[in-house]
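**Q** Supplied structure: coords_5.cif, mmCIF, C-alpha atoms.
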```
data_input
#
loop_
_atom_site.label_atom_id
_atom_site.label_comp_id
_atom_site.auth_asym_id
_atom_site.auth_seq_id
_atom_site.Cartn_x
_atom_site.Cartn_y
_atom_site.Cartn_z
CA MET A 1 -2.75 17.89 15.92
CA ARG A 2 -3.25 14.39 14.55
CA GLN A 3 -2.90 11.30 16.71
CA LYS A 4 0.39 9.42 16.63
CA CYS A 5 0.77 7.29 13.51
CA LYS A 6 2.70 4.02 13.20
CA PHE A 7 5.51 4.23 10.64
CA LEU A 8 6.70 1.18 8.72
CA ILE A 9 9.67 0.18 6.57
CA ILE A 10 10.21 -2.57 4.00
CA PRO A 11 12.38 -5.29 5.57
CA LYS A 12 15.20 -6.86 3.57
CA LEU A 13 15.38 -10.58 4.27
CA ASP A 14 19.07 -10.78 3.31
CA GLU A 15 19.84 -7.98 5.77
CA LEU A 16 17.14 -8.76 8.29
CA GLN A 17 19.20 -7.99 11.36
CA LYS A 18 19.84 -4.47 10.07
CA SER A 19 16.13 -4.04 9.29
CA LEU A 20 15.23 -5.21 12.78
CA GLU A 21 17.77 -2.85 14.37
CA LEU A 22 16.43 0.12 12.41
CA ALA A 23 12.85 -0.80 13.29
CA GLN A 24 13.71 -1.08 16.96
CA GLU A 25 15.63 2.21 16.96
CA TYR A 26 12.70 4.20 15.56
CA GLY A 27 9.78 2.08 16.70
CA PHE A 28 8.93 1.11 13.13
CA GLY A 29 6.86 -1.81 11.92
CA PHE A 30 7.37 -3.75 8.68
CA GLU A 31 5.52 -3.90 5.37
CA TYR A 32 6.55 -7.17 3.74
CA ASN A 33 7.29 -6.92 0.01
CA ASP A 34 8.35 -10.54 -0.50
CA PHE A 35 5.08 -12.15 -1.49
CA PHE A 36 3.62 -10.32 -4.50
CA ILE A 37 6.05 -11.94 -6.96
CA PRO A 38 4.15 -14.57 -8.99
CA ASP A 39 6.96 -17.16 -8.83
CA VAL A 40 6.95 -16.89 -5.04
CA MET A 41 3.18 -17.15 -4.81
CA ASP A 42 3.24 -20.27 -6.99
CA ASP A 43 5.77 -22.03 -4.75
CA GLU A 44 4.22 -22.84 -1.39
CA LYS A 45 7.46 -24.35 -0.07
CA LEU A 46 9.37 -21.17 -0.95
CA THR A 47 6.64 -18.98 0.55
CA ASP A 48 6.63 -20.99 3.78
CA GLY A 49 10.43 -20.82 3.88
CA ILE A 50 10.40 -17.02 3.65
CA ILE A 51 7.75 -16.83 6.34
CA GLY A 52 9.78 -19.19 8.52
CA SER A 53 12.92 -17.09 8.06
CA TYR A 54 11.06 -14.01 9.25
CA LYS A 55 9.30 -15.72 12.12
CA SER A 56 12.55 -17.18 13.45
CA HIS A 57 13.25 -13.61 14.66
CA LYS A 58 11.39 -11.35 17.03
CA LEU A 59 9.45 -9.21 14.58
CA PRO A 60 7.88 -5.79 15.13
CA GLU A 61 4.46 -6.03 16.71
CA TYR A 62 2.61 -4.24 13.89
CA CYS A 63 3.27 -5.23 10.27
CA THR A 64 1.46 -5.03 6.95
CA MET A 65 2.05 -6.66 3.57
CA HIS A 66 1.87 -5.73 -0.11
CA GLY A 67 -0.44 -8.09 -1.94
CA ALA A 68 -0.37 -9.32 -5.53
CA PHE A 69 -0.70 -6.65 -8.19
CA PHE A 70 1.00 -7.78 -11.41
CA ASP A 71 -1.83 -8.11 -13.97
CA VAL A 72 -4.43 -8.53 -11.22
CA LEU A 73 -7.70 -7.53 -12.87
CA VAL A 74 -10.73 -8.63 -10.89
CA PHE A 75 -12.76 -6.34 -13.16
CA SER A 76 -11.71 -8.08 -16.40
CA SER A 77 -14.45 -9.06 -18.83
CA ASP A 78 -12.45 -12.25 -19.47
CA LYS A 79 -13.68 -14.72 -16.86
CA LYS A 80 -10.40 -16.70 -16.88
CA ILE A 81 -8.33 -13.60 -16.19
CA ARG A 82 -10.84 -12.58 -13.55
CA LYS A 83 -10.62 -16.01 -11.91
CA ILE A 84 -6.81 -16.08 -11.59
CA SER A 85 -6.83 -12.45 -10.40
CA GLU A 86 -9.26 -13.35 -7.62
CA GLU A 87 -7.09 -16.37 -6.72
CA ARG A 88 -4.01 -14.16 -6.47
CA ILE A 89 -5.75 -11.84 -4.04
CA VAL A 90 -7.02 -14.69 -1.87
CA THR A 91 -3.53 -16.22 -1.82
CA SER A 92 -2.13 -12.87 -0.68
CA LEU A 93 -4.65 -12.67 2.14
CA ASP A 94 -3.87 -16.23 3.25
CA ILE A 95 -0.13 -15.47 3.26
CA ALA A 96 -0.80 -12.34 5.32
CA ARG A 97 -2.51 -14.46 7.94
CA LYS A 98 0.41 -16.90 8.01
CA ILE A 99 3.01 -14.20 8.60
CA GLY A 100 0.83 -12.27 11.02
CA ALA A 101 0.33 -9.10 8.97
CA ARG A 102 -2.47 -6.79 10.09
CA GLY A 103 -3.22 -5.27 6.68
CA VAL A 104 -2.71 -5.97 2.97
CA VAL A 105 -2.29 -3.45 0.14
CA PHE A 106 -3.67 -3.94 -3.37
CA HIS A 107 -3.66 -1.62 -6.41
CA THR A 108 -6.54 -0.12 -8.36
CA ASN A 109 -4.89 -1.49 -11.55
CA HIS A 110 -7.30 0.23 -13.92
CA ASN A 111 -6.10 1.78 -17.18
CA PRO A 112 -6.12 5.59 -16.81
CA ASP A 113 -6.32 6.01 -20.59
CA LEU A 114 -9.74 4.36 -20.65
CA THR A 115 -11.97 7.19 -19.53
CA SER A 116 -15.45 6.14 -20.63
CA GLU A 117 -18.23 5.99 -18.07
CA VAL A 118 -18.93 2.40 -19.10
CA TYR A 119 -15.38 1.37 -18.21
CA ALA A 120 -15.43 3.22 -14.88
CA GLU A 121 -18.79 1.79 -13.88
CA GLY A 122 -17.70 -1.71 -14.86
CA TRP A 123 -14.57 -1.34 -12.75
CA LEU A 124 -16.59 -0.10 -9.79
CA ASP A 125 -19.30 -2.74 -10.08
CA SER A 126 -16.83 -5.63 -10.44
CA ASN A 127 -14.65 -4.47 -7.57
CA GLU A 128 -17.61 -3.89 -5.29
CA SER A 129 -19.04 -7.32 -6.03
CA PHE A 130 -15.69 -9.06 -5.47
CA TRP A 131 -14.76 -7.27 -2.27
CA ARG A 132 -18.21 -7.69 -0.74
CA ARG A 133 -17.68 -11.44 -1.10
CA VAL A 134 -14.12 -11.43 0.22
CA LEU A 135 -13.97 -8.82 2.98
CA PRO A 136 -16.28 -10.66 5.43
CA LYS A 137 -14.06 -13.76 5.15
CA TYR A 138 -11.04 -11.83 6.47
CA PRO A 139 -12.36 -9.69 9.35
CA ASP A 140 -8.95 -9.93 11.03
CA LEU A 141 -7.23 -8.10 8.15
CA GLU A 142 -7.35 -4.48 7.08
CA ILE A 143 -7.54 -4.38 3.28
CA TYR A 144 -6.30 -1.26 1.51
CA MET A 145 -6.63 -0.20 -2.13
CA GLU A 146 -3.81 2.00 -3.41
CA ASN A 147 -3.67 4.55 -6.23
CA MET A 148 -1.07 3.64 -8.82
CA PHE A 149 -1.29 5.27 -12.27
CA ASP A 150 -4.53 7.02 -11.32
CA ARG A 151 -4.65 10.56 -12.66
CA THR A 152 -7.61 11.50 -10.49
CA PRO A 153 -8.94 10.10 -7.20
CA ASP A 154 -12.40 9.52 -8.67
CA MET A 155 -12.38 5.74 -9.09
CA LEU A 156 -10.45 5.02 -5.90
CA CYS A 157 -12.77 7.22 -3.87
CA GLY A 158 -15.74 5.80 -5.73
CA ILE A 159 -15.01 2.25 -4.58
CA ALA A 160 -14.12 3.47 -1.08
CA LYS A 161 -17.49 5.22 -0.84
CA ARG A 162 -19.35 2.15 -2.07
CA LEU A 163 -17.57 -0.03 0.49
CA SER A 164 -17.69 2.47 3.35
CA ASP A 165 -19.99 0.12 5.27
CA MET A 166 -17.28 -2.58 5.26
CA PRO A 167 -15.24 -2.03 8.44
CA ASN A 168 -12.00 -3.57 7.17
CA PHE A 169 -11.73 -1.72 3.83
CA GLY A 170 -9.94 1.57 3.27
CA VAL A 171 -7.64 3.57 1.02
CA CYS A 172 -3.86 3.35 0.90
CA PHE A 173 -2.93 6.82 -0.33
CA ASP A 174 0.37 6.76 -2.19
CA TYR A 175 1.39 10.40 -1.97
CA ALA A 176 4.33 9.94 -4.34
CA HIS A 177 2.14 8.31 -7.01
CA ALA A 178 -0.33 11.18 -6.76
CA ALA A 179 2.53 13.67 -7.10
CA VAL A 180 3.72 11.98 -10.32
CA TYR A 181 0.55 10.85 -12.06
CA GLY A 182 -2.00 13.27 -10.64
CA SER A 183 -2.20 16.97 -11.39
CA ASP A 184 -3.69 18.39 -8.20
CA ILE A 185 -2.20 17.10 -4.95
CA ASP A 186 -4.54 19.19 -2.81
CA GLY A 187 -7.50 17.77 -4.71
CA TRP A 188 -6.21 14.28 -4.08
CA VAL A 189 -5.76 14.91 -0.36
CA GLU A 190 -9.22 16.42 -0.01
CA ALA A 191 -10.86 13.56 -1.91
CA VAL A 192 -9.18 10.65 -0.10
CA SER A 193 -9.29 12.20 3.37
CA PRO A 194 -12.55 10.49 4.47
CA TYR A 195 -11.29 7.04 3.45
CA VAL A 196 -7.51 6.93 3.98
CA ARG A 197 -6.18 4.42 6.52
CA HIS A 198 -2.67 3.80 5.25
CA ILE A 199 -0.14 6.04 3.44
CA HIS A 200 2.90 5.33 1.26
CA ILE A 201 5.63 7.95 0.99
CA ASN A 202 8.92 8.26 -0.88
CA ASP A 203 10.46 10.92 -3.10
CA ASN A 204 10.76 11.52 -6.83
CA ASP A 205 11.41 14.17 -9.48
CA LEU A 206 7.64 14.78 -9.98
CA GLU A 207 7.93 13.01 -13.35
CA ASN A 208 8.98 9.44 -12.54
CA ASP A 209 8.14 7.00 -9.74
CA LEU A 210 11.70 6.72 -8.38
CA HIS A 211 11.21 5.58 -4.76
CA LEU A 212 13.98 7.88 -3.54
CA ALA A 213 14.67 8.56 0.11
CA VAL A 214 12.26 11.13 1.52
CA GLY A 215 13.92 14.51 1.05
CA ASP A 216 16.09 13.45 -1.91
CA GLY A 217 13.66 14.56 -4.63
CA LYS A 218 11.33 17.41 -5.50
CA ILE A 219 8.22 16.64 -3.43
CA ASP A 220 7.34 19.49 -1.07
CA TRP A 221 7.45 17.76 2.31
CA GLY A 222 6.52 20.89 4.20
CA HIS A 223 3.24 20.83 2.29
CA PHE A 224 2.88 17.10 2.98
CA LYS A 225 3.28 17.79 6.69
CA VAL A 226 0.37 20.24 6.61
CA CYS A 227 -1.78 17.76 4.67
CA PHE A 228 -0.75 14.91 6.97
CA GLU A 229 -1.61 16.79 10.12
CA GLU A 230 -4.79 18.52 8.92
CA LYS A 231 -6.40 16.27 6.30
CA LEU A 232 -5.03 12.74 6.59
CA SER A 233 -5.65 12.15 10.27
CA SER A 234 -7.63 8.95 9.67
CA ALA A 235 -4.47 7.15 8.51
CA LYS A 236 -3.19 4.76 11.16
CA THR A 237 0.01 3.71 9.40
CA VAL A 238 2.60 5.20 7.03
CA LEU A 239 5.10 3.20 4.98
CA ILE A 240 8.44 4.79 4.12
CA GLU A 241 8.46 3.02 0.76
CA THR A 242 12.11 2.97 -0.21
CA SER A 243 14.01 -0.29 -0.25
CA SER A 244 17.58 0.25 0.93
CA ILE A 245 18.26 0.49 4.64
CA GLU A 246 20.44 3.54 4.03
CA ASN A 247 17.55 5.35 2.31
CA GLN A 248 15.15 4.27 5.04
CA ARG A 249 17.42 5.75 7.69
CA ARG A 250 17.90 9.00 5.76
CA SER A 251 14.14 9.23 5.29
CA ALA A 252 13.57 8.71 9.00
CA GLU A 253 16.11 11.38 9.94
CA PHE A 254 14.55 13.83 7.46
CA LEU A 255 11.02 13.16 8.75
CA MET A 256 12.17 13.57 12.35
CA LYS A 257 13.78 16.94 11.60
CA LEU A 258 10.56 18.00 9.89
CA GLY A 259 8.56 16.95 12.95
CA ILE A 260 6.48 14.34 11.14
CA ILE A 261 7.84 11.38 13.10
#
```
What would you get if you wrote out this structure as structure tokens?

**A**
Amino acid sequence: MRQKCKFLIIPKLDELQKSLELAQEYGFGFEYNDFFIPDVMDDEKLTDGIIGSYKSHKLPEYCTMHGAFFDVLVFSSDKKIRKISEERIVTSLDIARKIGARGVVFHTNHNPDLTSEVYAEGWLDSNESFWRRVLPKYPDLEIYMENMFDRTPDMLCGIAKRLSDMPNFGVCFDYAHAAVYGSDIDGWVEAVSPYVRHIHINDNDLENDLHLAVGDGKIDWGHFKVCFEEKLSSAKTVLIETSSIENQRRSAEFLMKLGII
């Protein structure tokens, strides 16, 4: 039996009291999704205002944050694109410190249609070089890399293996993404199991990334439970990644009945 895991929800700032009540009812933390939008990141006054709105309330003790991911390519061969991508990540990490998040999620962002060894090695080398410079500057933050359009776990696990000596780096395993874009969920689970620290879950039709309430789609959650308990025990946190409070509550009730929460 795995150790107890902390579950999180995405708070809605315009319905914050309801988010806080749901979090308190189930003992959930938050994963902030307010700060990866470029127009927000470019407006320090707006960013500080959002942070202030959250911090004017008693927030859950353990929270994480989703970092910048739109067009963030630290592995780009274009040095100008690489520079702004690196700036976006650093801004995300600085915002996380301001709001008191414990961890920040970023995407792999590679193109799954580019399958040459040269491309994969370039991605790995560039990411390793960047994160080895950045990770020691943020020892207070857990930094997670998440699978997005990845068809196999090879590149994600490749960078996790290279950075396994960095204590604050790990994998965010998005189970729903793997169910849609991958072809072998058991292979995914086996591959990421040594590196996973954070998990994202929601439901879909196994063809599209729909972010449905857990239990409303076609993902086999009985199978997830087995994987979660037997293979993904190194994960400390799980985000129920669906936005509406109604879907978050339905997901929580479904997971409780299944014995996962």

**Q** Tell me, as a list of chain:residue names, which residues lie within 6 Å of region 151-163 of chain A, counting only C-alpha atoms; anything in the same chain fewer than 5 positions away does not count.

**A**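 With the cut-off at 6 Å, the set is A:Leu124, A:Tyr181, A:Gly182, A:Trp188.
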
**Q** Since we have the selection now, will you write its residues out, keeping C-alpha atoms, as a JSON list (two decimals), in the coordinates of the input?

**A**
```
[["chain", "number", "residue", "atom", "x", "y", "z"],
["A", 124, "LEU", "CA", -16.59, -0.10, -9.79],
["A", 181, "TYR", "CA", 0.55, 10.85, -12.06],
["A", 182, "GLY", "CA", -2.00, 13.27, -10.64],
["A", 188, "TRP", "CA", -6.21, 14.28, -4.08]]
```

**Q** Between A:His66, A:His211, A:Lys137, A:His110, which one has atoms that come closest to Ser92 (chain A), using only C-alpha atoms?

**A**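 Going through A:His66, A:His211, A:Lys137, A:His110 one by one, the smallest distance to Ser92 (chain A) is for A:His66.
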
**Q** Evaluate the PyMOL selection byres ((chain A and resi 33-46) around 7) here and jot the selected residues down as an MDAnalysis selection string.

**A** chainID A and resid 10 31:32 47:50 65:69

**Q** Expanded to explicit residues, what is the PyMOL selection byres ((chain A and resi 245) around 12) for this file, as a list in words?

**A** Ile9, Ile10, Pro11, Lys12, Leu13, Asp14, Glu15, Leu16, Gln17, Lys18, Ser19, Leu20, Glu21, Leu22, Ala23, Leu212, Ala213, Ile240, Glu241, Thr242, Ser243, Ser244, Glu246, Asn247, Gln248, Arg249, Arg250, Ser251 and Ala252 of chain A

**Q** Nearest to Glu230 (chain A) among A:Glu190, A:Asp184, A:Asp140, A:Glu207, with distances taken over all atoms listed in the file: which residue is it?

**A**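 Of all the options, A:Glu190 lies closest to Glu230 (chain A).
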
**Q** Fewer than 6 positions away in the same chain doesn't count, so skip those; otherwise give me all residues within 8 Å of Phe7 (chain A), counting all atoms listed in the file, as an MDAnalysis selection string.

**A** chainID A and resid 27:29 237:240 261

**Q** Between A:Leu8, A:Leu255, A:Cys172, A:Leu73, which has the minimum distance to Met145 (chain A) (counting all atoms listed in the file)?

**A**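 The answer is A:Cys172, which sits nearest to Met145 (chain A).
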
**Q** Ranking A:Met166, A:Ile219, A:Val196, A:Ile99 by minimum distance to Asn147 (chain A) and counting all atoms listed in the file, which one comes first?

**A**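 Closest candidate: A:Val196.
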
**Q** Using all atoms listed in the file, which of A:Ile89, A:Ala235, A:Ala178, A:Ala191 sits nearest Phe130 (chain A)?

**A**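 Result for the nearest residue to Phe130 (chain A): A:Ile89.
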